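Data file: query.tsv. Format and content: TSV, C-alpha atoms and all ligand atoms.
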```
chain	number	residue	atom	x	y	z
A	61	MET	CA	176.95	54.11	262.86
A	62	ILE	CA	176.89	57.37	260.96
A	63	ASN	CA	180.21	59.11	260.60
A	64	GLU	CA	178.90	62.65	260.92
A	65	LYS	CA	182.29	64.10	260.01
A	66	ASN	CA	181.70	62.93	256.42
A	67	TYR	CA	178.81	65.34	255.98
A	68	LEU	CA	178.43	69.11	256.04
A	69	TYR	CA	175.02	69.43	257.68
A	70	LYS	CA	172.46	67.41	259.51
A	71	VAL	CA	168.98	68.73	258.75
A	72	SER	CA	165.93	67.30	260.43
A	73	ALA	CA	162.19	67.87	260.33
A	74	ALA	CA	159.59	66.62	262.76
A	75	GLY	CA	156.85	64.03	262.71
A	76	ARG	CA	153.67	65.40	264.20
A	77	VAL	CA	150.78	64.46	266.37
A	78	ASN	CA	147.54	66.34	265.89
A	79	LEU	CA	145.92	67.12	269.24
A	80	ILE	CA	142.59	68.08	267.75
A	81	GLY	CA	141.09	69.41	264.50
A	82	GLU	CA	141.00	66.31	262.31
A	83	HIS	CA	140.10	66.28	258.63
A	84	ILE	CA	139.40	69.98	258.64
A	85	ASP	CA	142.67	71.47	257.36
A	86	TYR	CA	141.50	71.05	253.77
A	87	CYS	CA	138.19	72.68	254.72
A	88	GLY	CA	139.81	75.92	255.92
A	89	GLY	CA	139.58	75.01	259.61
A	90	LYS	CA	141.95	75.62	262.49
A	91	VAL	CA	143.98	72.63	263.62
A	92	MET	CA	146.19	72.02	266.64
A	93	PRO	CA	149.14	69.74	265.86
A	94	ALA	CA	152.48	69.57	267.63
A	95	ALA	CA	155.90	68.62	266.23
A	96	LEU	CA	157.52	65.55	267.76
A	97	SER	CA	160.94	64.31	268.77
A	98	LEU	CA	160.27	61.46	266.32
A	99	ARG	CA	161.78	62.91	263.16
A	100	ASN	CA	163.50	62.43	259.83
A	101	THR	CA	167.13	63.49	259.64
A	102	VAL	CA	168.99	64.09	256.38
A	103	TYR	CA	172.79	64.19	256.37
A	104	VAL	CA	173.93	66.19	253.39
A	105	ARG	CA	177.17	66.92	251.51
A	106	PRO	CA	177.83	68.23	247.98
A	107	ASN	CA	179.17	65.71	245.46
A	108	GLY	CA	180.02	67.96	242.50
A	109	THR	CA	177.89	65.95	240.04
A	110	ASP	CA	174.46	66.46	238.47
A	111	ARG	CA	173.03	63.69	240.61
A	112	ILE	CA	171.54	63.17	244.02
A	113	ASN	CA	172.65	59.96	245.69
A	114	LEU	CA	170.19	58.67	248.25
A	115	SER	CA	170.97	56.22	251.01
A	116	TRP	CA	169.32	55.18	254.25
A	117	THR	CA	170.61	54.15	257.65
A	118	ASP	CA	168.15	51.28	257.98
A	119	ILE	CA	167.49	50.18	254.37
A	120	PRO	CA	170.31	48.48	252.46
A	121	ILE	CA	169.82	50.25	249.12
A	122	ARG	CA	171.22	53.22	247.24
A	123	ILE	CA	169.33	55.15	244.59
A	124	THR	CA	170.69	57.81	242.28
A	125	LEU	CA	168.46	60.60	240.98
A	126	GLU	CA	169.34	62.59	237.87
A	127	ILE	CA	168.70	66.21	238.70
A	128	GLY	CA	167.55	66.99	235.15
A	129	ARG	CA	164.96	64.19	235.22
A	130	LEU	CA	163.49	64.30	238.68
A	131	ASP	CA	159.99	63.58	237.38
A	132	ARG	CA	160.89	59.96	236.62
A	133	TYR	CA	160.90	58.48	240.10
A	134	ARG	CA	157.22	58.51	241.04
A	135	ASP	CA	157.00	54.75	241.29
A	136	VAL	CA	160.37	54.15	242.88
A	137	LYS	CA	159.81	53.03	246.45
A	138	TYR	CA	161.70	55.16	249.02
A	139	ALA	CA	163.02	57.52	246.33
A	140	ASN	CA	159.65	59.00	245.41
A	141	TYR	CA	159.34	61.43	248.33
A	142	PRO	CA	162.90	62.78	248.10
A	143	ALA	CA	162.63	63.05	244.29
A	144	GLY	CA	159.20	64.70	244.39
A	145	SER	CA	160.39	67.20	246.98
A	146	ALA	CA	163.53	68.07	245.02
A	147	LEU	CA	161.49	68.44	241.83
A	148	MET	CA	158.94	70.79	243.40
A	149	TRP	CA	161.72	72.82	245.01
A	150	GLN	CA	163.41	73.11	241.62
A	151	ARG	CA	160.11	74.11	239.98
A	152	ALA	CA	159.62	76.76	242.66
A	153	GLY	CA	162.77	78.38	241.25
A	154	HIS	CA	165.41	77.15	243.67
A	155	THR	CA	168.83	75.66	243.01
A	156	VAL	CA	169.11	71.91	243.33
A	157	SER	CA	172.71	70.78	243.01
A	158	GLY	CA	174.50	67.44	243.17
A	159	CYS	CA	174.68	65.99	246.64
A	160	ASP	CA	174.66	62.88	248.78
A	161	LEU	CA	171.72	62.56	251.13
A	162	LEU	CA	171.67	60.02	253.92
A	163	TYR	CA	168.25	59.47	255.53
A	164	ASP	CA	167.73	58.48	259.13
A	165	CYS	CA	164.07	58.29	260.14
A	166	SER	CA	162.76	57.59	263.63
A	167	ILE	CA	159.09	58.00	262.66
A	168	PRO	CA	157.53	54.59	262.05
A	169	PHE	CA	156.21	54.41	258.45
A	170	GLY	CA	152.44	54.19	258.18
A	171	SER	CA	151.97	55.30	261.78
A	172	GLY	CA	149.98	58.39	260.86
A	173	LEU	CA	152.66	60.58	262.47
A	174	SER	CA	153.61	62.13	259.13
A	175	SER	CA	156.83	60.41	258.21
A	176	SER	CA	156.24	61.46	254.60
A	177	ALA	CA	155.86	65.15	255.51
A	178	ALA	CA	159.03	64.96	257.59
A	179	ILE	CA	160.93	63.38	254.68
A	180	GLU	CA	159.66	66.02	252.26
A	181	VAL	CA	160.35	68.97	254.54
A	182	SER	CA	163.81	67.79	255.63
A	183	THR	CA	164.80	67.02	252.02
A	184	ILE	CA	163.87	70.50	250.87
A	185	ALA	CA	165.48	72.13	253.89
A	186	ALA	CA	168.69	70.15	253.24
A	187	LEU	CA	168.77	71.30	249.59
A	188	ALA	CA	168.18	74.89	250.67
A	189	VAL	CA	170.92	74.78	253.31
A	190	LEU	CA	173.33	73.29	250.80
A	191	ALA	CA	172.59	76.13	248.37
A	192	GLY	CA	173.27	78.65	251.13
A	193	GLU	CA	169.69	79.88	251.20
A	194	ARG	CA	168.03	81.44	254.22
A	195	LEU	CA	165.32	79.01	255.30
A	196	ASP	CA	161.68	80.03	255.05
A	197	PRO	CA	159.83	77.19	256.85
A	198	VAL	CA	156.40	78.25	255.59
A	199	GLU	CA	157.54	78.24	251.97
A	200	ILE	CA	159.20	74.87	252.52
A	201	ALA	CA	155.95	73.49	253.97
A	202	LEU	CA	153.95	74.73	250.98
A	203	VAL	CA	156.37	73.23	248.46
A	204	ALA	CA	156.41	69.96	250.41
A	205	GLN	CA	152.61	69.87	250.24
A	206	ARG	CA	152.87	70.30	246.47
A	207	ALA	CA	155.15	67.25	246.34
A	208	GLU	CA	152.43	65.29	248.11
A	209	HIS	CA	149.76	66.52	245.70
A	210	GLU	CA	151.59	66.43	242.41
A	211	TYR	CA	154.10	63.64	242.94
A	212	ALA	CA	152.62	61.26	245.52
A	213	GLY	CA	149.02	61.87	244.39
A	214	VAL	CA	147.59	62.53	247.85
A	215	ASN	CA	145.39	65.60	247.99
A	216	CYS	CA	146.41	66.45	251.56
A	217	GLY	CA	145.91	69.66	253.52
A	218	ILE	CA	148.76	71.78	254.86
A	219	MET	CA	148.74	70.61	258.49
A	220	ASP	CA	151.43	67.93	258.39
A	221	GLN	CA	154.03	69.81	256.37
A	222	TYR	CA	153.42	72.99	258.36
A	223	ALA	CA	153.83	71.21	261.70
A	224	SER	CA	156.89	69.36	260.45
A	225	ALA	CA	158.56	72.61	259.35
A	226	CYS	CA	157.28	75.19	261.82
A	227	GLY	CA	156.76	73.29	265.07
A	228	LYS	CA	157.95	74.76	268.34
A	229	LYS	CA	159.28	72.94	271.40
A	230	ASP	CA	156.61	72.35	274.08
A	231	HIS	CA	153.97	74.22	272.08
A	232	ALA	CA	150.92	73.25	270.09
A	233	ILE	CA	150.52	75.00	266.76
A	234	LEU	CA	147.12	76.61	266.46
A	235	LEU	CA	147.12	76.96	262.69
A	236	ASP	CA	144.38	78.63	260.68
A	237	CYS	CA	144.53	76.62	257.46
A	238	LYS	CA	142.56	79.23	255.56
A	239	THR	CA	144.99	82.10	256.18
A	240	LEU	CA	148.06	80.24	257.51
A	241	ALA	CA	147.98	82.54	260.54
A	242	CYS	CA	149.60	80.65	263.38
A	243	GLU	CA	149.58	80.98	267.13
A	244	TYR	CA	151.81	78.87	269.37
A	245	VAL	CA	150.01	77.67	272.48
A	246	PRO	CA	152.15	76.33	275.36
A	247	ILE	CA	151.28	72.74	276.21
A	248	LEU	CA	150.74	73.04	279.94
A	249	LEU	CA	149.12	69.85	281.16
A	250	GLY	CA	150.20	69.95	284.82
A	251	ASP	CA	150.28	66.41	286.19
A	252	TYR	CA	149.16	65.02	282.84
A	253	THR	CA	151.13	64.01	279.80
A	254	LEU	CA	150.46	63.22	276.15
A	255	VAL	CA	150.68	59.57	275.15
A	256	VAL	CA	150.96	58.54	271.51
A	257	ALA	CA	150.03	54.92	270.75
A	258	ASN	CA	150.05	53.00	267.47
A	259	CYS	CA	147.24	50.50	266.88
A	260	ASN	CA	149.64	48.60	264.58
A	261	LYS	CA	147.00	47.77	262.03
A	262	PRO	CA	148.85	46.23	259.07
A	263	HIS	CA	148.42	47.44	255.46
A	264	ASN	CA	147.05	50.84	256.25
A	265	LEU	CA	146.01	52.02	252.79
A	266	VAL	CA	144.66	55.49	253.43
A	267	GLU	CA	145.25	57.35	250.16
A	268	SER	CA	142.12	56.45	248.22
A	269	LYS	CA	139.81	56.85	251.23
A	270	TYR	CA	141.46	60.16	252.04
A	271	ASN	CA	140.89	61.55	248.57
A	272	GLU	CA	137.30	60.27	248.70
A	273	ARG	CA	136.62	62.18	251.94
A	274	ARG	CA	138.09	65.30	250.44
A	275	ALA	CA	135.81	64.99	247.41
A	276	GLU	CA	132.79	64.51	249.70
A	277	THR	CA	133.54	67.72	251.60
A	278	GLU	CA	133.99	69.59	248.33
A	279	ARG	CA	130.58	68.41	247.13
A	280	ALA	CA	129.06	69.38	250.48
A	281	LEU	CA	130.58	72.85	250.20
A	282	ALA	CA	129.21	73.33	246.69
A	283	LEU	CA	125.72	72.42	247.89
A	284	LEU	CA	125.87	74.63	250.99
A	285	ARG	CA	127.04	77.53	248.86
A	286	THR	CA	123.69	77.50	247.10
A	287	ARG	CA	122.32	78.78	250.42
A	288	ALA	CA	125.16	80.48	252.26
A	289	ASP	CA	127.87	82.95	251.29
A	290	ILE	CA	130.86	80.90	252.43
A	291	SER	CA	134.24	80.09	250.93
A	292	CYS	CA	134.90	76.94	252.96
A	293	LEU	CA	133.07	74.63	255.37
A	294	ALA	CA	134.95	76.15	258.31
A	295	ASP	CA	133.11	79.41	257.68
A	296	LEU	CA	129.94	77.88	259.15
A	297	THR	CA	129.24	77.86	262.88
A	298	PRO	CA	127.24	74.86	264.13
A	299	ASP	CA	124.12	77.05	264.40
A	300	ALA	CA	124.48	78.37	260.89
A	301	PHE	CA	125.06	74.84	259.61
A	302	GLU	CA	121.87	73.55	261.25
A	303	ARG	CA	119.92	76.41	259.71
A	304	VAL	CA	121.38	76.19	256.23
A	305	SER	CA	121.69	72.43	255.79
A	306	ARG	CA	118.05	71.53	256.38
A	307	GLY	CA	116.07	70.43	253.35
A	308	LEU	CA	119.02	70.37	250.93
A	309	SER	CA	119.21	67.39	248.61
A	310	TRP	CA	122.33	65.75	250.04
A	311	ARG	CA	124.16	62.94	248.30
A	312	GLY	CA	125.42	59.85	250.10
A	313	ALA	CA	127.16	60.68	253.36
A	314	ASP	CA	127.99	64.27	252.40
A	315	GLU	CA	125.83	65.86	255.10
A	316	GLN	CA	127.41	63.89	257.92
A	317	ARG	CA	130.89	64.63	256.58
A	318	ALA	CA	130.11	68.36	256.58
A	319	ARG	CA	128.58	68.11	260.05
A	320	HIS	CA	131.80	66.58	261.38
A	321	VAL	CA	133.87	69.39	259.87
A	322	VAL	CA	131.69	72.17	261.26
A	323	TYR	CA	131.53	70.75	264.79
A	324	GLU	CA	135.20	69.76	264.81
A	325	CYS	CA	136.10	73.36	264.00
A	326	ASP	CA	134.09	74.41	267.02
A	327	ARG	CA	135.84	71.84	269.20
A	328	VAL	CA	139.24	73.25	268.21
A	329	ARG	CA	138.14	76.69	269.33
A	330	LEU	CA	137.03	75.27	272.70
A	331	ALA	CA	140.17	73.13	272.99
A	332	ALA	CA	142.43	76.14	272.47
A	333	ASP	CA	140.57	77.92	275.28
A	334	ALA	CA	140.82	74.86	277.52
A	335	MET	CA	144.54	74.57	276.83
A	336	LYS	CA	145.15	78.24	277.56
A	337	GLY	CA	143.10	78.01	280.76
A	338	GLY	CA	144.87	74.83	281.88
A	339	ASP	CA	141.55	72.93	281.91
A	340	VAL	CA	142.85	69.44	281.15
A	341	LYS	CA	139.53	67.70	281.81
A	342	ALA	CA	137.66	69.91	279.35
A	343	LEU	CA	140.39	69.30	276.78
A	344	GLY	CA	140.09	65.55	277.32
A	345	GLU	CA	136.35	65.59	276.79
A	346	LEU	CA	136.83	67.42	273.51
A	347	LEU	CA	139.29	64.74	272.40
A	348	ASN	CA	136.69	62.06	273.17
A	349	ALA	CA	134.00	63.96	271.26
A	350	SER	CA	136.35	64.37	268.31
A	351	HIS	CA	136.98	60.63	268.17
A	352	ALA	CA	133.25	59.86	268.30
A	353	SER	CA	132.62	62.23	265.41
A	354	LEU	CA	135.46	60.74	263.34
A	355	ARG	CA	133.99	57.29	264.02
A	356	ASP	CA	130.29	58.00	263.50
A	357	LEU	CA	130.14	60.91	261.06
A	358	TYR	CA	133.41	60.95	259.17
A	359	GLU	CA	133.94	57.18	259.30
A	360	VAL	CA	137.72	57.15	259.30
A	361	THR	CA	138.48	55.13	262.44
A	362	GLY	CA	137.94	51.38	262.08
A	363	ALA	CA	137.88	48.57	264.65
A	364	GLU	CA	141.52	48.96	265.69
A	365	LEU	CA	141.53	52.71	266.38
A	366	ASP	CA	138.14	52.44	268.07
A	367	ALA	CA	139.35	49.65	270.33
A	368	LEU	CA	142.50	51.58	271.24
A	369	ALA	CA	140.70	54.86	271.95
A	370	GLU	CA	137.96	53.11	273.92
A	371	ALA	CA	140.46	51.18	276.05
A	372	ALA	CA	142.27	54.45	276.77
A	373	GLN	CA	139.09	56.37	277.55
A	374	ALA	CA	138.01	53.67	280.01
A	375	HIS	CA	141.22	53.92	282.05
A	376	PRO	CA	140.91	56.03	285.22
A	377	ALA	CA	144.20	57.89	284.60
A	378	CYS	CA	143.04	59.07	281.16
A	379	VAL	CA	140.94	62.20	280.64
A	380	GLY	CA	140.60	61.87	276.86
A	381	SER	CA	141.76	59.91	273.82
A	382	ARG	CA	141.26	60.08	270.08
A	383	MET	CA	142.65	58.92	266.79
A	384	THR	CA	145.15	61.33	265.26
A	385	GLY	CA	146.05	61.92	261.61
A	386	ALA	CA	144.22	60.60	258.57
A	387	GLY	CA	142.83	57.55	260.36
A	388	PHE	CA	141.93	54.04	259.14
A	389	GLY	CA	144.94	52.87	261.18
A	390	GLY	CA	147.92	54.56	262.79
A	391	CYS	CA	147.92	56.32	266.12
A	392	THR	CA	145.84	57.66	268.96
A	393	VAL	CA	146.74	60.52	271.25
A	394	SER	CA	145.66	60.43	274.89
A	395	ILE	CA	145.99	62.71	277.90
A	396	VAL	CA	147.07	60.62	280.88
A	397	HIS	CA	147.90	61.37	284.52
A	398	LYS	CA	151.60	60.81	285.08
A	399	ASP	CA	151.02	58.70	288.22
A	400	GLY	CA	148.91	56.22	286.29
A	401	LEU	CA	151.05	56.08	283.15
A	402	GLU	CA	152.57	52.62	283.53
A	403	ASP	CA	149.27	51.08	284.55
A	404	PHE	CA	147.59	52.87	281.63
A	405	LYS	CA	149.97	51.30	279.12
A	406	ARG	CA	149.66	47.85	280.65
A	407	GLU	CA	145.90	47.91	280.90
A	408	VAL	CA	145.28	49.46	277.47
A	409	SER	CA	147.61	46.89	275.89
A	410	ARG	CA	145.77	44.06	277.63
A	411	VAL	CA	142.28	45.21	276.66
A	412	TYR	CA	143.37	45.98	273.08
A	413	PHE	CA	145.12	42.63	272.69
A	414	GLU	CA	142.06	40.78	273.91
A	415	LYS	CA	139.88	42.48	271.34
A	416	ILE	CA	142.16	42.79	268.32
A	417	GLY	CA	144.64	39.93	268.74
A	418	TYR	CA	147.92	41.86	268.71
A	419	ALA	CA	149.45	44.57	270.88
A	420	PRO	CA	149.64	48.33	270.34
A	421	SER	CA	152.94	50.25	270.64
A	422	PHE	CA	153.54	53.27	272.83
A	423	TYR	CA	156.04	55.92	271.77
A	424	HIS	CA	158.28	57.90	274.06
A	425	CYS	CA	158.31	61.29	272.49
A	426	SER	CA	158.31	64.95	273.39
A	427	VAL	CA	157.16	68.08	271.59
A	428	GLU	CA	160.07	69.68	269.75
A	429	ASP	CA	160.97	72.24	267.07
A	430	GLY	CA	160.15	71.71	263.39
A	431	ILE	CA	163.17	72.10	261.11
A	432	VAL	CA	166.51	71.90	262.90
A	433	VAL	CA	169.82	72.50	261.10
A	434	VAL	CA	173.14	71.46	262.61
A	435	GLU	CA	176.45	72.27	260.93
A	436	LEU	CA	178.78	69.30	261.30
B	501	LIG	C1	146.55	63.63	256.79
B	501	LIG	C2	146.77	64.84	255.87
B	501	LIG	C3	146.50	66.15	256.61
B	501	LIG	C4	145.15	66.11	257.34
B	501	LIG	C5	145.00	64.84	258.16
B	501	LIG	C6	143.63	64.70	258.75
B	501	LIG	O1	147.51	63.61	257.81
B	501	LIG	O2	148.07	64.85	255.35
B	501	LIG	O3	146.56	67.22	255.70
B	501	LIG	O4	144.10	66.27	256.43
B	501	LIG	O5	145.27	63.68	257.38
B	501	LIG	O6	143.38	65.71	259.65
```

Kindly return the structure encoded in the file as structure tokens.
Ligand code: GLA
Amino acid sequence: MINEKNYLYKVSAAGRVNLIGEHIDYCGGKVMPAALSLRNTVYVRPNGTDRINLSWTDIPIRITLEIGRLDRYRDVKYANYPAGSALMWQRAGHTVSGCDLLYDCSIPFGSGLSSSAAIEVSTIAALAVLAGERLDPVEIALVAQRAEHEYAGVNCGIMDQYASACGKKDHAILLDCKTLACEYVPILLGDYTLVVANCNKPHNLVESKYNERRAETERALALLRTRADISCLADLTPDAFERVSRGLSWRGADEQRARHVVYECDRVRLAADAMKGGDVKALGELLNASHASLRDLYEVTGAELDALAEAAQAHPACVGSRMTGAGFGGCTVSIVHKDGLEDFKREVSRVYFEKIGYAPSFYHCSVEDGIVVVEL
């Protein structure tokens, strides 16, 4: 039990599910994530020292960070994300003062629902609140992304941190990752609901594969720029891509990676229209097409995510299902008719278990705000 009275503030940031627009944020594309009720909460109080004391509600350890030496905790399990976030916030010119931070995270680690982004964003927001600063969620997201790049060594895009900080209840975030222009689109699915399921693949080591994909898209961009005046892959329409890409001397899988990006950008455009027009079936088909492209062209799914998405797609109550997040393991997101929800979970679990040998998990979650600050 947390004795909230012992703390000054409770600051939380959201996990996220990405509805569509996968592996395109770092290519300047538009993405469509939503912030979740699964979140990381930081309880914060000043301690008058030059240290940050970290503790967790579900891990029996305590770690102390020296504020003057925040760059020393890269390899310290659990402390690395809080330390990296505090360091980047400090480097961005903000005050980081002695405090006790208690972490309470309801986002399963390794689920692909951005527990790390939520930890980064909530840590920074807690430090800012403690210093009496007015919160700027976009700045917090950008600094959190820097912590991921420079401290954790993952060359991620901005989607997760942005969704975690700037999410809005019952809305998808249509975020242009090139300009950071953002439009909130109400999630109006009528008789349908979003279902987030974890394939529970153990040892989901995504970092190296993720950085490899990013390098492939950068090489593809450099090659395409010899023919087209573009600043990022998202600048190409599918037609332009087909015209420009022919006859180039592609390396490895670079062409198919670029093809995924270009067509996925187009699917986001269509998905936003479908969402605004309340066309759930069209939206579902786009989710299915996105999964197929991530499986066949971008190659970031794997047997477990494929089995889970396929089992979902085959169920009569489901109009569409796809992997969400970086891939290789983690979660799928599906659009399911409310009347068939219980049967959907039962049947998908059964089919998945038969194929993979263990069960998936389904999460009860809703779409909520990004950063939330409560004075205690
Ligand atoms: C991870 C990254 C994001 C994004 C997704 C794939 O979640 O952190 O920036 O690239 O993968 O869409």

Report task. Calculate how many Å separate atom CA of Asn215 of chain A from atom CA of Leu354 of chain A, rounding to one decimal. Result ->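 Distance reported for this atom pair: 18.9 Å.
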
**Report entry** Protein and nucleic acid residues near (147.4, 62.9, 267.5) (cut-off 10 Å, all atoms listed in the file) as a PyMOL selection string
**Finding:** chain A and resi 76-82+92-94+172-173+254-257+347+381-386+390-394

Query raised in the report: Mind pulling up the distance from atom CA of Gly158 of chain A to atom CA of Asn107 of chain A?
Result: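 Pair atom CA of Asn107 of chain A / atom CA of Gly158 of chain A returns 5.5 Å.
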
**Report entry** Residues near Cys292 of chain A, cut-off 9 Å, all atoms listed in the file, skip fewer than 6 positions along chain, as a list in words
**Finding:** Tyr86, Cys87, Gly88, Gly89, Lys238, Glu278, Leu281 and Arg285 of chain A

**Report entry** Shell of 6 Å around ligand LIG 501 (chain B) (only C-alpha atoms and all ligand atoms), written as a PyMOL selection string
**Finding:** chain A and resi 82-85+216-220+385-386

Query raised in the report: atom CA of Val379 of chain A and atom CA of Gly344 of chain A are how many Å apart?
Result: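 Interatomic distance here is 4.8 Å.
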
Requested in this report: Determine, counting only C-alpha atoms, which protein, DNA and RNA residues have an atom within 6 Å of an atom of Ile167 of chain A; residues of the same chain fewer than 2 positions away are not included. Present the result as a VMD selection string.
Outcome: chain A and resid 98 to 99 165 175

Report summary line: Of A:Asn271, A:Thr117, A:Ser309, A:Asn260, the one sitting nearest His209 of chain A when using all atoms listed in the file is A:Asn271

Within 7 Å of segment 184-195 of chain A, counting only C-alpha atoms, which residues qualify if same-chain residues fewer than 3 places away don't, as an mmCIF file with C-alpha atoms, in the coordinates of the input?
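In the end it all went to out.cif:
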```cif
data_model
loop_
_atom_site.group_PDB
_atom_site.id
_atom_site.type_symbol
_atom_site.label_atom_id
_atom_site.label_comp_id
_atom_site.auth_asym_id
_atom_site.auth_seq_id
_atom_site.Cartn_x
_atom_site.Cartn_y
_atom_site.Cartn_z
ATOM 1 C CA VAL A 71 168.980 68.730 258.750
ATOM 2 C CA VAL A 102 168.990 64.090 256.380
ATOM 3 C CA VAL A 104 173.930 66.190 253.390
ATOM 4 C CA SER A 145 160.390 67.200 246.980
ATOM 5 C CA ALA A 146 163.530 68.070 245.020
ATOM 6 C CA TRP A 149 161.720 72.820 245.010
ATOM 7 C CA THR A 155 168.830 75.660 243.010
ATOM 8 C CA VAL A 156 169.110 71.910 243.330
ATOM 9 C CA GLU A 180 159.660 66.020 252.260
ATOM 10 C CA VAL A 181 160.350 68.970 254.540
ATOM 11 C CA ILE A 200 159.200 74.870 252.520
#
```

Quick one: everything within 10 Å of Ser115 of chain A, counting all atoms listed in the file, minus sequence neighbours fewer than 4 positions away in the same chain. Send it as a compact mmCIF listing (two decimals) with C-alpha atoms, in the coordinates of the input.
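The resulting result_33.txt:
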```
# COMPACT_ATOMS: atom_id res chain seq x y z
CA VAL A 102 168.99 64.09 256.38
CA TYR A 103 172.79 64.19 256.37
CA ILE A 119 167.49 50.18 254.37
CA PRO A 120 170.31 48.48 252.46
CA ILE A 121 169.82 50.25 249.12
CA ARG A 122 171.22 53.22 247.24
CA ILE A 123 169.33 55.15 244.59
CA THR A 124 170.69 57.81 242.28
CA TYR A 138 161.70 55.16 249.02
CA ALA A 139 163.02 57.52 246.33
CA ASP A 160 174.66 62.88 248.78
CA LEU A 161 171.72 62.56 251.13
CA LEU A 162 171.67 60.02 253.92
CA TYR A 163 168.25 59.47 255.53
CA ASP A 164 167.73 58.48 259.13
```

Report task. Point out the residue among A:Ala369, A:Val203, A:Leu401, A:Val340 with the least atom-to-atom distance to His154 of chain A, counting all atoms listed in the file. Result -> A:Val203

Report task. Can you work out which one of A:Asp299, A:Met148, A:Val396, A:Val328 has the shortest atom-to-atom distance to Leu235 of chain A, counting only C-alpha atoms? Result ->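 Nearest candidate to Leu235 of chain A out of A:Asp299, A:Met148, A:Val396, A:Val328: A:Val328.
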
Query - Long-range neighbours of His263 of chain A as a list of chain:residue names, 10 Å cut-off, all atoms listed in the file, 5 positions minimum in chain - result: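 Counting all atoms listed in the file, the residues come to A:Gly170, A:Phe388, A:Gly389.
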
Query raised in the report: Which residue gives the smallest distance to Lys70 of chain A among A:Glu210, A:Val433, A:Asp251, A:Ala363, with only C-alpha atoms counted?
Result: A:Val433

Contacts between segment 418-432 of chain A and segment 83-171 of chain A, please, where a residue of segment 83-171 of chain A counts if it comes within 6 Å (with only C-alpha atoms); show its shortest atom pair and distance in Å to one decimal, rows by chain and ascending number, as a tab-separated table.
```
residue	atom	partner	partner_atom	distance
A:Ala95	CA	A:Val427	CA	5.5
A:Leu96	CA	A:Val427	CA	4.6
A:Ser97	CA	A:Ser426	CA	5.4
```

Report task. Determine the nearest neighbour of Lys229 of chain A from the options A:Pro246, A:Gly213, A:Pro262, A:Gly307, counting all atoms listed in the file. Result -> A:Pro246

Query - Using only C-alpha atoms: which of A:Asn140, A:Ser157, A:Ser72, A:Thr239 has the shortest distance to Asp110 of chain A - result: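 Of A:Asn140, A:Ser157, A:Ser72, A:Thr239, the one nearest Asp110 of chain A is A:Ser157, counting only C-alpha atoms.
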
Extending 3 Å beyond the listed atoms of segment 244-258 of chain A on each side, what axis-aligned box results? I want centre and edge lengths in Å to one decimal, as AutoDock Vina command-line options.
```
--center_x 150.6 --center_y 65.9 --center_z 276.8 --size_x 9.0 --size_y 31.9 --size_z 24.7
```

Can I get C-alpha atoms for segment 84-107 of chain A, as a CSV table (one decimal), in the first residue's frame?
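As written to disk, decode.csv reads:
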```csv
chain,number,residue,atom,x,y,z
A,84,ILE,CA,7.4,5.2,-40.0
A,85,ASP,CA,7.9,7.8,-37.2
A,86,TYR,CA,11.6,7.9,-37.8
A,87,CYS,CA,10.9,8.3,-41.5
A,88,GLY,CA,8.9,11.5,-41.1
A,89,GLY,CA,5.5,9.7,-41.5
A,90,LYS,CA,2.2,10.3,-39.7
A,91,VAL,CA,1.4,7.9,-37.0
A,92,MET,CA,-1.8,7.2,-35.0
A,93,PRO,CA,-1.1,6.1,-31.4
A,94,ALA,CA,-3.4,6.5,-28.4
A,95,ALA,CA,-2.4,6.9,-24.7
A,96,LEU,CA,-3.6,4.1,-22.4
A,97,SER,CA,-4.9,3.7,-18.9
A,98,LEU,CA,-1.9,1.4,-18.4
A,99,ARG,CA,0.6,3.9,-17.1
A,100,ASN,CA,3.6,4.7,-15.0
A,101,THR,CA,3.0,6.7,-11.8
A,102,VAL,CA,5.8,8.5,-9.9
A,103,TYR,CA,5.1,9.7,-6.4
A,104,VAL,CA,7.5,12.6,-5.6
A,105,ARG,CA,8.6,14.6,-2.6
A,106,PRO,CA,11.7,16.8,-2.0
A,107,ASN,CA,14.3,15.4,0.3
```
